[in-house]
file protein.cif (mmCIF, C-alpha atoms)
data_work
loop_
_atom_site.group_PDB
_atom_site.id
_atom_site.type_symbol
_atom_site.label_atom_id
_atom_site.label_comp_id
_atom_site.auth_asym_id
_atom_site.auth_seq_id
_atom_site.Cartn_x
_atom_site.Cartn_y
_atom_site.Cartn_z
ATOM 1 C CA MET A 1 -9.899 3.762 -15.948
ATOM 2 C CA ILE A 2 -7.996 3.710 -12.674
ATOM 3 C CA GLU A 3 -8.488 0.671 -10.448
ATOM 4 C CA PHE A 4 -8.066 0.835 -6.666
ATOM 5 C CA LEU A 5 -6.908 -2.646 -5.704
ATOM 6 C CA MET A 6 -7.328 -4.457 -2.401
ATOM 7 C CA LEU A 7 -5.855 -7.869 -3.091
ATOM 8 C CA PRO A 8 -6.618 -11.163 -1.362
ATOM 9 C CA GLY A 9 -3.413 -12.786 -0.140
ATOM 10 C CA ALA A 10 -1.572 -9.473 0.187
ATOM 11 C CA PRO A 11 -0.614 -8.199 3.645
ATOM 12 C CA LYS A 12 -3.299 -6.384 5.590
ATOM 13 C CA PRO A 13 -2.799 -2.612 5.216
ATOM 14 C CA VAL A 14 -1.489 -0.865 8.329
ATOM 15 C CA ALA A 15 -3.363 2.348 7.425
ATOM 16 C CA PRO A 16 -6.242 3.454 5.145
ATOM 17 C CA TYR A 17 -4.902 2.796 1.644
ATOM 18 C CA SER A 18 -5.228 0.432 -1.316
ATOM 19 C CA HIS A 19 -2.532 -2.152 -1.995
ATOM 20 C CA ALA A 20 -2.098 -0.597 -5.430
ATOM 21 C CA THR A 21 -3.701 1.609 -8.016
ATOM 22 C CA ALA A 22 -3.473 0.650 -11.641
ATOM 23 C CA ASP A 23 -4.241 1.598 -15.201
ATOM 24 C CA GLY A 24 -1.397 0.960 -17.689
ATOM 25 C CA TRP A 25 0.910 1.396 -14.695
ATOM 26 C CA VAL A 26 0.825 -0.134 -11.231
ATOM 27 C CA PHE A 27 1.594 2.104 -8.262
ATOM 28 C CA VAL A 28 2.283 -0.207 -5.320
ATOM 29 C CA THR A 29 1.886 1.156 -1.812
ATOM 30 C CA GLY A 30 4.937 0.811 0.401
ATOM 31 C CA GLN A 31 5.127 -2.596 1.998
ATOM 32 C CA VAL A 32 6.611 -3.350 5.400
ATOM 33 C CA PRO A 33 7.738 -6.839 6.490
ATOM 34 C CA THR A 34 4.428 -8.074 7.893
ATOM 35 C CA ASP A 35 3.397 -11.688 7.432
ATOM 36 C CA PRO A 36 0.559 -11.703 4.868
ATOM 37 C CA ASP A 37 -0.805 -14.926 6.372
ATOM 38 C CA ASP A 38 -0.669 -13.814 10.028
ATOM 39 C CA ASP A 39 -0.915 -10.081 10.630
ATOM 40 C CA SER A 40 -0.252 -10.552 14.349
ATOM 41 C CA ALA A 41 3.074 -12.357 13.798
ATOM 42 C CA PRO A 42 6.184 -10.486 14.887
ATOM 43 C CA LEU A 43 8.303 -8.892 12.178
ATOM 44 C CA PRO A 44 11.325 -10.920 11.046
ATOM 45 C CA ASP A 45 14.611 -10.195 12.810
ATOM 46 C CA GLY A 46 17.272 -8.220 10.958
ATOM 47 C CA ILE A 47 17.425 -6.204 7.777
ATOM 48 C CA GLU A 48 18.075 -9.163 5.448
ATOM 49 C CA ALA A 49 14.994 -11.100 6.594
ATOM 50 C CA GLN A 50 12.868 -7.949 6.628
ATOM 51 C CA THR A 51 13.985 -6.985 3.106
ATOM 52 C CA ARG A 52 13.133 -10.477 1.809
ATOM 53 C CA ARG A 53 9.677 -10.340 3.435
ATOM 54 C CA VAL A 54 9.020 -6.870 2.003
ATOM 55 C CA ILE A 55 9.960 -7.965 -1.527
ATOM 56 C CA GLU A 56 7.889 -11.145 -1.230
ATOM 57 C CA ASN A 57 4.945 -8.964 -0.139
ATOM 58 C CA LEU A 58 5.557 -6.666 -3.108
ATOM 59 C CA LYS A 59 5.592 -9.688 -5.441
ATOM 60 C CA ARG A 60 2.133 -10.691 -4.152
ATOM 61 C CA VAL A 61 0.739 -7.219 -4.789
ATOM 62 C CA LEU A 62 2.344 -7.041 -8.242
ATOM 63 C CA ALA A 63 1.011 -10.471 -9.222
ATOM 64 C CA GLY A 64 -2.495 -9.525 -8.097
ATOM 65 C CA SER A 65 -2.211 -6.308 -10.111
ATOM 66 C CA GLY A 66 -1.180 -7.963 -13.373
ATOM 67 C CA SER A 67 2.512 -7.141 -13.086
ATOM 68 C CA GLY A 68 5.761 -8.550 -11.717
ATOM 69 C CA LEU A 69 9.240 -7.629 -10.579
ATOM 70 C CA ASP A 70 10.479 -7.841 -14.177
ATOM 71 C CA LEU A 71 8.191 -4.889 -15.019
ATOM 72 C CA VAL A 72 9.259 -2.611 -12.144
ATOM 73 C CA VAL A 73 10.690 0.676 -13.409
ATOM 74 C CA PHE A 74 11.132 2.584 -10.130
ATOM 75 C CA ALA A 75 11.511 1.748 -6.444
ATOM 76 C CA ARG A 76 11.681 3.852 -3.308
ATOM 77 C CA VAL A 77 13.354 2.304 -0.264
ATOM 78 C CA TYR A 78 13.026 3.687 3.266
ATOM 79 C CA LEU A 79 15.501 2.616 5.965
ATOM 80 C CA THR A 80 15.378 3.472 9.663
ATOM 81 C CA HIS A 81 19.101 2.702 10.148
ATOM 82 C CA PHE A 82 20.502 3.895 6.840
ATOM 83 C CA GLU A 83 24.243 3.608 7.413
ATOM 84 C CA ARG A 84 24.013 0.319 9.302
ATOM 85 C CA ASP A 85 21.578 -1.462 6.963
ATOM 86 C CA TYR A 86 22.216 0.011 3.500
ATOM 87 C CA ALA A 87 24.736 -2.565 2.223
ATOM 88 C CA ALA A 88 22.882 -5.600 3.595
ATOM 89 C CA MET A 89 19.536 -4.381 2.243
ATOM 90 C CA ASN A 90 21.133 -3.786 -1.173
ATOM 91 C CA ALA A 91 22.526 -7.333 -1.314
ATOM 92 C CA VAL A 92 19.067 -8.832 -0.761
ATOM 93 C CA TYR A 93 17.301 -6.281 -2.984
ATOM 94 C CA GLN A 94 19.663 -6.844 -5.917
ATOM 95 C CA SER A 95 19.185 -10.634 -5.763
ATOM 96 C CA TYR A 96 15.525 -10.205 -6.829
ATOM 97 C CA PHE A 97 16.313 -8.491 -10.148
ATOM 98 C CA ALA A 98 17.973 -9.796 -13.291
ATOM 99 C CA PRO A 99 21.459 -8.432 -14.000
ATOM 100 C CA GLY A 100 21.234 -5.280 -16.063
ATOM 101 C CA ARG A 101 17.499 -4.883 -15.206
ATOM 102 C CA LEU A 102 17.648 -2.913 -11.962
ATOM 103 C CA PRO A 103 14.859 -0.334 -11.629
ATOM 104 C CA ALA A 104 15.638 3.321 -11.084
ATOM 105 C CA ARG A 105 15.606 3.903 -7.330
ATOM 106 C CA THR A 106 15.711 6.329 -4.443
ATOM 107 C CA CYS A 107 16.785 5.230 -0.954
ATOM 108 C CA ILE A 108 15.886 7.423 2.002
ATOM 109 C CA GLY A 109 16.843 7.336 5.669
ATOM 110 C CA VAL A 110 13.847 7.923 7.953
ATOM 111 C CA THR A 111 13.313 8.130 11.704
ATOM 112 C CA ALA A 112 10.552 5.506 11.965
ATOM 113 C CA LEU A 113 8.313 3.182 9.943
ATOM 114 C CA ALA A 114 4.967 1.515 10.674
ATOM 115 C CA ARG A 115 5.037 -1.460 13.041
ATOM 116 C CA GLY A 116 8.661 -0.714 13.959
ATOM 117 C CA ALA A 117 9.925 -1.987 10.605
ATOM 118 C CA LEU A 118 13.521 -1.461 9.521
ATOM 119 C CA VAL A 119 12.626 -1.196 5.824
ATOM 120 C CA GLU A 120 9.710 -0.227 3.586
ATOM 121 C CA ILE A 121 9.657 -0.296 -0.223
ATOM 122 C CA ASP A 122 7.146 1.093 -2.737
ATOM 123 C CA LEU A 123 7.181 0.502 -6.483
ATOM 124 C CA LEU A 124 6.082 1.748 -9.868
ATOM 125 C CA ALA A 125 5.669 -0.989 -12.479
ATOM 126 C CA HIS A 126 4.249 -1.411 -15.949
ATOM 127 C CA ARG A 127 1.184 -3.591 -16.216
ATOM 128 C CA ALA A 128 1.582 -6.725 -18.299
#
call {"tool": "encode", "arguments": {"input": "protein.cif", "output": "structure tokens"}}
result
Amino acid sequence: MIEFLMLPGAPKPVAPYSHATADGWVFVTGQVPTDPDDDSAPLPDGIEAQTRRVIENLKRVLAGSGSGLDLVVFARVYLTHFERDYAAMNAVYQSYFAPGRLPARTCIGVTALARGALVEIDLLAHRA
């Protein structure tokens, strides 16, 4: 049975969607760098801080869905300034995964993201 998950402690959605859907797999909606404890707070400055906030938000959704970063099999990354931010985003992103355990991934340059974010990431993970 598919579950449509709205998780306490996860960032408030910026549009009409669930934080994740899950059965044996967890499909995590793209997260932007909003503060899950204060939706009105400004976004962090710079791609490194925004990438960290996005991954911390993803960790909250994964934990609430019965999964974790160690069970992520695929990620999609969206960047508004691809050439400028790609290397710096990758450095932060890679620090969250064990060596040799990087998920498959697609990275896409886009013209804009919700709330003026520089980065958004969605995930596919196995459920523990």
call {"tool": "closest_residue", "arguments": {"input": "protein.cif", "among": "A:Ala91, A:Ala15, A:Ala10, A:Met1", "to": "Leu62 of chain A", "atoms": "all atoms listed in the file"}}
result
A:Ala10
call {"tool": "residues_around", "arguments": {"input": "protein.cif", "residues": "segment 63-67 of chain A", "least_positions_apart": "3", "cutoff": "7 Å", "atoms": "all atoms listed in the file", "output": "PyMOL selection string"}}
result
chain A and resi 7+26+59-60+71+125-128
call {"tool": "write_last_selection", "arguments": {"input": "protein.cif", "atoms": "C-alpha atoms", "output": "compact mmCIF listing (two decimals), keeping the file's coordinate frame"}}
result
# COMPACT_ATOMS: atom_id res chain seq x y z
CA LEU A 7 -5.86 -7.87 -3.09
CA VAL A 26 0.82 -0.13 -11.23
CA LYS A 59 5.59 -9.69 -5.44
CA ARG A 60 2.13 -10.69 -4.15
CA LEU A 71 8.19 -4.89 -15.02
CA ALA A 125 5.67 -0.99 -12.48
CA HIS A 126 4.25 -1.41 -15.95
CA ARG A 127 1.18 -3.59 -16.22
CA ALA A 128 1.58 -6.72 -18.30
call {"tool": "resolve_selection", "arguments": {"input": "protein.cif", "expression": "the PyMOL selection byres ((chain A and resi 117) around 8)", "output": "PDB file with C-alpha atoms, in the frame of the given file"}}
result
ATOM      1  CA  VAL A  32       6.611  -3.350   5.400  1.00  0.00           C
ATOM      2  CA  PRO A  33       7.738  -6.839   6.490  1.00  0.00           C
ATOM      3  CA  LEU A  43       8.303  -8.892  12.178  1.00  0.00           C
ATOM      4  CA  GLN A  50      12.868  -7.949   6.628  1.00  0.00           C
ATOM      5  CA  THR A  80      15.378   3.472   9.663  1.00  0.00           C
ATOM      6  CA  ALA A 112      10.552   5.506  11.965  1.00  0.00           C
ATOM      7  CA  LEU A 113       8.313   3.182   9.943  1.00  0.00           C
ATOM      8  CA  ALA A 114       4.967   1.515  10.674  1.00  0.00           C
ATOM      9  CA  ARG A 115       5.037  -1.460  13.041  1.00  0.00           C
ATOM     10  CA  GLY A 116       8.661  -0.714  13.959  1.00  0.00           C
ATOM     11  CA  LEU A 118      13.521  -1.461   9.521  1.00  0.00           C
ATOM     12  CA  VAL A 119      12.626  -1.196   5.824  1.00  0.00           C
ATOM     13  CA  GLU A 120       9.710  -0.227   3.586  1.00  0.00           C
TER      14      GLU A 120
END
call {"tool": "resolve_selection", "arguments": {"input": "protein.cif", "expression": "the PyMOL selection byres ((chain A and resi 54) around 6)", "output": "PyMOL selection string"}}
result
chain A and resi 31-33+51-53+55-57
call {"tool": "resolve_selection", "arguments": {"input": "protein.cif", "expression": "the PyMOL selection byres ((chain A and resi 104) around 8)", "output": "MDAnalysis selection string"}}
result
chainID A and resid 73:75 102:103 105:106
call {"tool": "atom_distance", "arguments": {"input": "protein.cif", "atom1": "atom CA of Pro11 of chain A", "atom2": "atom CA of Leu58 of chain A"}}
result
9.3 Å
call {"tool": "axis_aligned_box", "arguments": {"input": "protein.cif", "around": "segment 96-114 of chain A", "padding_each_side": "8 Å", "output": "lines of an AutoDock Vina configuration file"}}
result
center_x = 13.2
center_y = -1.0
center_z = -2.0
size_x = 32.5
size_y = 34.3
size_z = 44.0
call {"tool": "decode", "arguments": {"input": "protein.cif", "residues": "segment 27-46 of chain A", "atoms": "N, CA, C and O atoms", "output": "mmCIF file, in the first residue's frame"}}
result
data_model
loop_
_atom_site.group_PDB
_atom_site.id
_atom_site.type_symbol
_atom_site.label_atom_id
_atom_site.label_comp_id
_atom_site.auth_asym_id
_atom_site.auth_seq_id
_atom_site.Cartn_x
_atom_site.Cartn_y
_atom_site.Cartn_z
ATOM 1 N N PHE A 27 9.977 7.915 -2.248
ATOM 2 C CA PHE A 27 10.159 8.950 -3.254
ATOM 3 C C PHE A 27 10.039 10.289 -2.531
ATOM 4 O O PHE A 27 8.946 10.637 -2.080
ATOM 5 N N VAL A 28 11.152 10.992 -2.391
ATOM 6 C CA VAL A 28 11.171 12.234 -1.623
ATOM 7 C C VAL A 28 11.045 13.416 -2.573
ATOM 8 O O VAL A 28 11.830 13.574 -3.506
ATOM 9 N N THR A 29 10.050 14.253 -2.301
ATOM 10 C CA THR A 29 9.841 15.465 -3.076
ATOM 11 C C THR A 29 11.070 16.351 -2.975
ATOM 12 O O THR A 29 11.724 16.403 -1.936
ATOM 13 N N GLY A 30 11.359 17.071 -4.054
ATOM 14 C CA GLY A 30 12.481 17.999 -4.044
ATOM 15 C C GLY A 30 12.390 18.966 -2.881
ATOM 16 O O GLY A 30 11.334 19.523 -2.600
ATOM 17 N N GLN A 31 13.512 19.131 -2.206
ATOM 18 C CA GLN A 31 13.593 20.057 -1.091
ATOM 19 C C GLN A 31 14.432 21.257 -1.495
ATOM 20 O O GLN A 31 15.452 21.121 -2.173
ATOM 21 N N VAL A 32 13.988 22.427 -1.074
ATOM 22 C CA VAL A 32 14.749 23.661 -1.232
ATOM 23 C C VAL A 32 15.264 24.055 0.149
ATOM 24 O O VAL A 32 14.851 23.473 1.160
ATOM 25 N N PRO A 33 16.163 25.029 0.237
ATOM 26 C CA PRO A 33 16.830 25.325 1.512
ATOM 27 C C PRO A 33 16.031 26.192 2.480
ATOM 28 O O PRO A 33 16.533 27.162 3.048
ATOM 29 N N THR A 34 14.776 25.824 2.716
ATOM 30 C CA THR A 34 13.977 26.545 3.706
ATOM 31 C C THR A 34 14.292 26.020 5.095
ATOM 32 O O THR A 34 14.695 24.868 5.274
ATOM 33 N N ASP A 35 14.092 26.860 6.080
ATOM 34 C CA ASP A 35 14.315 26.481 7.477
ATOM 35 C C ASP A 35 13.079 25.722 7.955
ATOM 36 O O ASP A 35 11.988 26.284 7.987
ATOM 37 N N PRO A 36 13.224 24.447 8.326
ATOM 38 C CA PRO A 36 12.045 23.672 8.736
ATOM 39 C C PRO A 36 11.420 24.169 10.038
ATOM 40 O O PRO A 36 10.274 23.865 10.319
ATOM 41 N N ASP A 37 12.177 24.950 10.809
ATOM 42 C CA ASP A 37 11.663 25.458 12.079
ATOM 43 C C ASP A 37 11.115 26.882 11.981
ATOM 44 O O ASP A 37 10.478 27.366 12.910
ATOM 45 N N ASP A 38 11.376 27.559 10.853
ATOM 46 C CA ASP A 38 10.893 28.924 10.657
ATOM 47 C C ASP A 38 10.742 29.178 9.162
ATOM 48 O O ASP A 38 11.684 29.627 8.494
ATOM 49 N N ASP A 39 9.555 28.880 8.648
ATOM 50 C CA ASP A 39 9.308 28.983 7.216
ATOM 51 C C ASP A 39 9.507 30.398 6.678
ATOM 52 O O ASP A 39 9.784 30.578 5.495
ATOM 53 N N SER A 40 9.406 31.403 7.539
ATOM 54 C CA SER A 40 9.558 32.778 7.073
ATOM 55 C C SER A 40 11.013 33.246 7.082
ATOM 56 O O SER A 40 11.308 34.351 6.628
ATOM 57 N N ALA A 41 11.927 32.433 7.582
ATOM 58 C CA ALA A 41 13.343 32.814 7.622
ATOM 59 C C ALA A 41 13.899 32.927 6.208
ATOM 60 O O ALA A 41 13.507 32.174 5.313
ATOM 61 N N PRO A 42 14.824 33.846 6.007
ATOM 62 C CA PRO A 42 15.442 33.943 4.676
ATOM 63 C C PRO A 42 16.249 32.684 4.374
ATOM 64 O O PRO A 42 16.714 31.988 5.287
ATOM 65 N N LEU A 43 16.426 32.408 3.090
ATOM 66 C CA LEU A 43 17.250 31.268 2.692
ATOM 67 C C LEU A 43 18.699 31.560 3.045
ATOM 68 O O LEU A 43 19.119 32.721 3.053
ATOM 69 N N PRO A 44 19.484 30.510 3.330
ATOM 70 C CA PRO A 44 20.910 30.731 3.610
ATOM 71 C C PRO A 44 21.603 31.363 2.405
ATOM 72 O O PRO A 44 21.180 31.188 1.261
ATOM 73 N N ASP A 45 22.686 32.080 2.671
ATOM 74 C CA ASP A 45 23.468 32.699 1.605
ATOM 75 C C ASP A 45 24.442 31.696 1.008
ATOM 76 O O ASP A 45 25.112 30.969 1.734
ATOM 77 N N GLY A 46 24.517 31.652 -0.310
ATOM 78 C CA GLY A 46 25.530 30.869 -1.005
ATOM 79 C C GLY A 46 25.148 29.423 -1.239
ATOM 80 O O GLY A 46 24.334 28.836 -0.520
#
